[in-house]
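See below for the structure under consideration.
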Amino acid sequence: MGTTDKTIRIIVAVLIAILYFTGVISGTLAIILGIVAVIFVATSLISFCPLYAILNINTCKIKQ
């Protein structure tokens with residue numbers, strides 16, 4: 001997983017958290033987006049996305 005991918009995931013997770021804590025989102029939507037945010041943060045921290053492995057996607061720059 002590339003650094004740009006990690007950064008975007010963290011930013012999206014932070015935006016979801018801000019929307020939740022300011023009361024913009026609530027209920028079922030908040031739960032679903034909260035789970036997505038946790039997954040984004042976890043996959044960013046461990047630098048591995050199982051979905052990318054299944055779909056054979058690589059966002060890292062190729063070292064030459």
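Chain lettering (A, B, ...) mirrors the order of the structure tokens, residue numbering begins at 1 for each chain separately, and ligand numbering begins at 1 in order of display.
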
Show which residues sit within 7 Å of range 34-49 of chain A, as number ranges by chain. Count only C-alpha atoms, and ignore same-chain residues fewer than 6 positions away. A: 1, 6, 9-10, 13, 16

Requested write-out: C-alpha atoms of the selected residues, as a PDB file, in the first residue's frame:
```
ATOM      1  CA  MET A   1       0.000   0.000   0.000  1.00  0.00           C
ATOM      2  CA  LYS A   6      -2.589   5.499   3.361  1.00  0.00           C
ATOM      3  CA  ARG A   9      -7.602   6.529   4.025  1.00  0.00           C
ATOM      4  CA  ILE A  10      -6.582   8.388   7.196  1.00  0.00           C
ATOM      5  CA  ALA A  13     -11.458   8.287   8.531  1.00  0.00           C
ATOM      6  CA  ILE A  16     -16.036  10.517   9.158  1.00  0.00           C
TER       7      ILE A  16
END
```

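Here CA of Ala17 in chain A and CA of Ile31 in chain A stand 10.9 Å from one another.
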